[in-house]
Structures are given as C-alpha cells and as structure tokens.
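Trainee: Structure file protein31.txt (compact mmCIF, C-alpha atoms) right here:
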```txt
# COMPACT_ATOMS: atom_id res chain seq x y z
CA MET A 1 104.60 104.65 132.80
CA LEU A 2 108.08 106.19 132.59
CA LYS A 3 109.43 102.85 131.33
CA ASN A 4 106.79 102.83 128.53
CA VAL A 5 107.62 106.42 127.54
CA LEU A 6 111.35 105.62 127.44
CA GLY A 7 110.59 102.53 125.35
CA ILE A 8 108.59 104.56 122.84
CA VAL A 9 111.32 107.25 122.69
CA GLY A 10 113.88 104.49 122.14
CA LEU A 11 111.81 103.05 119.27
CA LEU A 12 111.51 106.51 117.71
CA ILE A 13 115.26 107.04 117.90
CA VAL A 14 115.95 103.63 116.37
CA GLY A 15 113.36 104.34 113.65
CA LEU A 16 114.94 107.70 112.87
CA ALA A 17 118.41 106.18 112.79
CA CYS A 18 117.22 103.52 110.33
CA GLU A 19 115.52 106.14 108.18
CA ALA A 20 118.65 108.32 108.18
CA HIS A 21 120.78 105.30 107.23
CA THR A 22 118.43 104.42 104.37
CA ALA A 23 118.52 107.99 103.07
CA THR A 24 122.32 108.07 103.01
CA ALA A 25 122.81 104.54 101.70
CA ALA A 26 122.29 105.55 98.06
CA GLU A 27 125.03 104.39 95.71
CA THR A 28 126.52 106.40 92.86
CA LEU A 29 126.80 104.47 89.61
CA VAL A 30 129.05 106.13 87.03
CA VAL A 31 128.41 105.86 83.28
CA GLY A 32 130.98 106.75 80.63
CA LYS A 33 131.72 105.79 77.04
CA PRO A 34 135.07 104.22 76.16
CA GLY A 35 137.51 106.83 74.90
CA THR A 36 135.75 109.71 76.68
CA PRO A 37 136.99 111.63 79.72
CA CYS A 38 135.36 109.46 82.39
CA PRO A 39 138.07 107.23 83.83
CA ASP A 40 136.07 105.91 86.78
CA ALA A 41 133.06 104.68 84.76
CA GLN A 42 131.50 101.41 85.91
CA TYR A 43 129.00 101.21 83.01
CA THR A 44 129.16 102.11 79.33
CA THR A 45 125.40 102.57 78.91
CA ILE A 46 122.81 104.41 80.96
CA ASN A 47 120.45 101.44 80.66
CA ALA A 48 123.00 99.09 82.24
CA ALA A 49 123.37 101.46 85.21
CA VAL A 50 119.58 101.85 85.52
CA LYS A 51 119.18 98.06 85.55
CA ALA A 52 121.84 97.68 88.26
CA ALA A 53 120.65 100.61 90.39
CA ALA A 54 118.61 100.29 93.55
CA ARG A 55 115.79 102.64 94.52
CA GLY A 56 117.16 106.09 95.31
CA ASP A 57 120.56 105.59 93.68
CA GLU A 58 122.38 108.28 91.74
CA ILE A 59 123.47 107.67 88.15
CA ALA A 60 126.28 110.06 87.22
CA ILE A 61 126.63 110.24 83.43
CA GLY A 62 129.92 111.31 81.87
CA PRO A 63 130.20 113.54 78.78
CA ALA A 64 129.32 111.68 75.56
CA LEU A 65 126.54 110.92 73.09
CA TYR A 66 124.31 108.10 74.35
CA ASP A 67 122.30 106.32 71.64
CA GLU A 68 119.64 104.96 74.00
CA GLN A 69 116.00 104.98 74.98
CA ILE A 70 115.62 104.75 78.76
CA THR A 71 112.75 103.52 80.93
CA LEU A 72 112.85 104.34 84.63
CA THR A 73 110.61 102.27 86.91
CA LYS A 74 112.19 103.15 90.26
CA PRO A 75 113.11 106.45 91.91
CA LEU A 76 116.57 107.48 90.68
CA TRP A 77 118.64 110.60 90.13
CA LEU A 78 120.11 110.82 86.62
CA HIS A 79 122.55 113.63 86.21
CA GLY A 80 125.16 114.73 83.77
CA ARG A 81 128.58 115.15 85.25
CA LYS A 82 131.38 117.47 84.23
CA VAL A 83 134.72 115.79 83.68
CA ASP A 84 137.83 117.88 83.02
CA GLY A 85 135.60 120.92 82.38
CA ILE A 86 133.49 119.08 79.77
CA GLY A 87 129.82 118.68 80.58
CA ARG A 88 128.08 117.82 77.30
CA ILE A 89 125.84 114.82 77.87
CA LEU A 90 123.45 114.09 75.00
CA ILE A 91 120.88 111.30 75.01
CA GLN A 92 119.76 110.84 71.41
CA PRO A 93 118.48 107.48 70.20
CA SER A 94 119.18 106.83 66.52
CA SER A 95 115.99 104.78 66.33
CA PHE A 96 112.93 104.54 68.55
CA THR A 97 110.61 101.82 69.72
CA VAL A 98 107.12 102.48 71.01
CA ASN A 99 106.75 101.87 74.72
CA GLY A 100 103.79 99.98 76.18
CA LEU A 101 101.95 103.29 76.62
CA GLY A 102 101.72 104.04 72.91
CA PHE A 103 104.50 106.65 73.00
CA GLU A 104 107.93 107.07 71.53
CA ALA A 105 110.04 108.79 74.18
CA VAL A 106 113.74 109.19 74.83
CA ILE A 107 113.15 108.81 78.58
CA THR A 108 110.02 107.13 79.94
CA VAL A 109 109.39 107.48 83.67
CA LEU A 110 106.88 104.76 84.52
CA ASN A 111 105.31 104.66 88.00
CA PRO A 112 108.07 105.75 90.42
CA GLU A 113 107.27 108.41 92.98
CA VAL A 114 110.29 110.66 92.39
CA VAL A 115 112.82 110.78 89.55
CA THR A 116 115.28 113.63 89.08
CA ILE A 117 116.78 114.39 85.67
CA ASP A 118 119.55 116.96 85.91
CA ASN A 119 122.10 118.49 83.53
CA LEU A 120 121.23 116.37 80.48
CA ALA A 121 120.41 117.18 76.86
CA VAL A 122 117.55 115.00 75.61
CA ASP A 123 117.03 114.93 71.82
CA ALA A 124 114.02 113.21 70.24
CA SER A 125 114.74 114.42 66.68
CA LYS A 126 115.47 111.00 65.20
CA ASN A 127 111.96 109.75 65.94
CA ALA A 128 109.92 107.76 63.45
CA VAL A 129 106.54 109.37 64.11
CA ALA A 130 105.16 110.51 60.77
CA ALA A 131 101.49 110.96 61.69
CA CYS A 132 99.81 111.78 64.98
CA THR A 133 100.20 108.36 66.50
CA PRO A 134 101.98 107.00 68.35
CA GLY A 135 102.50 109.87 70.77
CA LEU A 136 105.90 111.52 70.89
CA ALA A 137 107.76 113.05 73.84
CA ALA A 138 111.37 113.67 74.72
CA ILE A 139 110.52 112.77 78.35
CA HIS A 140 107.30 110.98 79.29
CA PHE A 141 106.15 110.77 82.93
CA HIS A 142 103.33 108.24 83.37
CA ASN A 143 101.86 107.65 86.84
CA ALA A 144 105.06 109.25 88.08
CA SER A 145 106.44 112.41 89.56
CA GLY A 146 109.81 114.02 89.40
CA GLU A 147 111.94 116.98 88.58
CA ILE A 148 113.80 118.09 85.47
CA LYS A 149 116.43 120.77 86.02
CA ASN A 150 119.38 122.32 84.20
CA SER A 151 118.49 120.27 81.12
CA ALA A 152 117.81 120.91 77.43
CA ILE A 153 114.93 119.11 75.74
CA PHE A 154 114.43 119.32 72.00
CA GLY A 155 113.54 117.54 68.77
CA ALA A 156 110.08 116.21 69.69
CA GLN A 157 108.48 117.27 66.40
CA LEU A 158 106.45 115.08 64.08
CA THR A 159 107.74 114.74 60.54
CA ASN A 160 104.29 115.74 59.20
CA PRO A 161 102.33 117.63 61.89
CA LEU A 162 99.89 119.01 59.28
CA GLY A 163 98.69 115.45 58.66
CA CYS A 164 97.14 115.33 62.15
CA ALA A 165 93.38 115.43 62.44
CA THR A 166 92.11 118.05 64.86
CA GLY A 167 91.16 116.88 68.31
CA LEU A 168 93.89 114.27 68.69
CA PRO A 169 95.74 114.73 71.96
CA PHE A 170 99.29 114.36 70.66
CA GLY A 171 99.62 117.44 68.47
CA ASN A 172 103.18 118.02 67.35
CA GLY A 173 104.89 116.05 70.09
CA PHE A 174 105.83 117.06 73.61
CA GLY A 175 109.09 118.06 75.21
CA VAL A 176 107.69 116.66 78.47
CA GLN A 177 104.48 114.64 78.55
CA ILE A 178 102.84 114.03 81.94
CA ASP A 179 99.84 111.72 82.25
CA ALA A 180 98.29 109.06 84.44
CA ASP A 181 95.84 106.19 84.33
CA LYS A 182 93.57 108.19 86.64
CA PRO A 183 93.59 112.01 86.34
CA GLY A 184 94.97 113.69 89.43
CA SER A 185 96.97 110.64 90.49
CA TYR A 186 100.44 112.00 89.69
```
Would you mind giving the structure from this file in structure tokens?
Mentor:
Amino acid sequence: MLKNVLGIVGLLIVGLACEAHTATAAETLVVGKPGTPCPDAQYTTINAAVKAAARGDEIAIGPALYDEQITLTKPLWLHGRKVDGIGRILIQPSSFTVNGLGFEAVITVLNPEVVTIDNLAVDASKNAVAACTPGLAAIHFHNASGEIKNSAIFGAQLTNPLGCATGLPFGNGFGVQIDADKPGSY
C-alpha cells in the first residue's frame, strides 16, 4: 500500500513539474518596424509573429504604426513595449477585409480560451462600413475569452449610422464585440 501511495505521489510531482515547465516555456517574439527604436526585433509585422508563435507565447510590439488586421486563433499575449521611453503602439489598418464572421475588425480573436491585449492603441477609423453591415468592431472576440488592459480603442464608427434600420444588431460599431455561436459559451 505504501509503495502505491509513493508511486501516486511521484506521478503527481512529475505531473506538476511538467505543468510548471509548460507554463514557463513561453517564448517572447519581438516585433518592430525598420527605422524605429526596437533594435532586437525578430519580426517587422505583428501577423508574422502571430503566425510563428506557439500557444501561450508573448508578442512584444515595439513603438510604431502597424497597418494590419490581425486574427488570433491561439492563446497569446500581445503587448506594447516601451523602448527608450517611447511606448506609442498603434494598430490601424489603412483598409479592411471582412472576416469569415461577417465583421470588419482590427483584431479578431477567434476561438482561443485566453488572449491578453495590453498597452496597445487599436484604431478602426479607416473602415469601409458605410451601412449597417458588415458588423464593425475594433476588437472582436468570437467563441473566445480574454483580457484587454491599458489599451485605447477608438474609431469604430460607421460612415453613415443614420442609414441603419432599427433592430439591426450592429448599431454604430463596437469598440469591443463579444459573441459566440452558442450564447453563454464564452
């Protein structure tokens, strides 16, 4: 009996050690634009870093304007990083495409359990939504959960919000849109 108990305790310790290793194994991928104060950048676009990242990785984004739309399908931590006292990180696509959910969004978080967005400015003002469809959001969480902190979100306004018929769910755009295939599943 003692041998069985020691075996189970041993398995628990090994399991905890593996879990602790997994939690600390996250990589930091650094994004920076050429000519900006981010000398250790590995990527010049956020999308390239997102594509290369593994689940749970950190994407540290250097000060610059990023003309991108981003889709996150795995748990990641995106955060703006101060370099030489400068911490202005703006994600502002100059043109938008509609994602598979019928939305224009600067950042789409699609299905991962936890995404953290920290210290970023997200601007949806250059959107092409003139009527009430497609939907518009600066950040769109779909079947996903996460956290947005220390960030500025703006510009998610339709060019003609008065042209919307009453009862449509999109209104005048959303800073943060949260929805799911099944209500209560996020």
Trainee: Got a sec: who's within 7 Å of Val30 in chain A, counting all atoms listed in the file, leaving out chain neighbours fewer than 4 positions off, as a ChimeraX atom specification?
Mentor: /A:41-43,59-61
Trainee: Counting all atoms listed in the file, which of A:Asp123, A:Glu113, A:Glu27, A:Asp40 gets nearest to Leu72 in chain A?
Mentor: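 Smallest distance to Leu72 in chain A is found for A:Glu113.
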Trainee: Using only C-alpha atoms, find the one residue out of A:Ala138, A:Leu120, A:Ala144, A:Leu110 that sits nearest to Phe96 in chain A.
Mentor: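 With only C-alpha atoms as the atom set, the closest residue is A:Ala138.
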Trainee: What's the 7 Å shell around Ser125 in chain A, counting all atoms listed in the file, without same-chain residues fewer than 2 positions away, as an mmCIF file with C-alpha atoms, in the frame of the given file?
Mentor:
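Output saved as around.cif:
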```cif
data_model
loop_
_atom_site.group_PDB
_atom_site.id
_atom_site.type_symbol
_atom_site.label_atom_id
_atom_site.label_comp_id
_atom_site.auth_asym_id
_atom_site.auth_seq_id
_atom_site.Cartn_x
_atom_site.Cartn_y
_atom_site.Cartn_z
ATOM 1 C CA ASP A 123 117.030 114.930 71.820
ATOM 2 C CA ASN A 127 111.960 109.750 65.940
ATOM 3 C CA GLY A 155 113.540 117.540 68.770
ATOM 4 C CA ALA A 156 110.080 116.210 69.690
ATOM 5 C CA GLN A 157 108.480 117.270 66.400
#
```
Trainee: When distances are computed from all atoms listed in the file, which of A:Ser151, A:Thr159, A:Thr73, A:Thr45 shows the smallest separation from Asn172 in chain A?
Mentor: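 Looking at the shortest contact to Asn172 in chain A, the residue is A:Thr159.
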Trainee: Which protein, DNA or RNA residues have an atom at most 12 Å from (109.0, 111.4, 73.1), counting all atoms listed in the file? List them as number ranges by chain.
Mentor: A: 69-71, 92-93, 95-99, 101-109, 122-129, 133-141, 153-158, 170, 172-178
Trainee: For range 133-138 of chain A, take all atoms listed in the file, fit an axis-aligned box around them, add 8 Å to each of the six sides, then output centre and edge lengths in Å rounded to one decimal, as lines of an AutoDock Vina configuration file.
Mentor:
```
center_x = 105.8
center_y = 110.3
center_z = 70.6
size_x = 27.2
size_y = 22.7
size_z = 24.2
```
Trainee: Which residues are near Gly87 in chain A? Cut-off 10 Å, all atoms listed in the file, ignore same chain within fewer than 3 positions. Put them as a VMD selection string.
Mentor: chain A and resid 61 to 64 80 to 84 90 119 to 120
Trainee: Mind pulling up the distance from CA of Ala152 in chain A to CA of Val114 in chain A?
Mentor: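 Result for CA of Val114 in chain A versus CA of Ala152 in chain A: 19.6 Å, one decimal.
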Trainee: What is the distance between CA of Pro34 in chain A and CA of Ile117 in chain A, in Å to one decimal?
Mentor: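 Rounded to one decimal, the two atoms are 23.0 Å apart.
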Trainee: Which of these, A:Pro39, A:Val115, A:Leu78, A:Arg55, has the shortest distance to Ala25 in chain A once you count all atoms listed in the file?
Mentor: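 Residue with the minimum atom-to-atom distance to Ala25 in chain A: A:Arg55.
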Trainee: Which residue out of A:Asp67, A:Ser94, A:Asp118, A:Thr28 has the minimum interatomic distance to Ile46 in chain A when all atoms listed in the file are used?
Mentor: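 Ranking A:Asp67, A:Ser94, A:Asp118, A:Thr28 by distance to Ile46 in chain A, first place goes to A:Asp67.
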Trainee: To one decimal place in Å, what is the distance between CA of Lys182 in chain A and CA of Leu76 in chain A?
Mentor: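 For CA of Lys182 in chain A relative to CA of Leu76 in chain A, the distance reads 23.4 Å.
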Trainee: Which of these residues is nearest to Trp77 in chain A, using only C-alpha atoms: A:Ala130, A:Ala49, A:His142, A:Asp181?
Mentor: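 Closest residue, counting only C-alpha atoms: A:Ala49.
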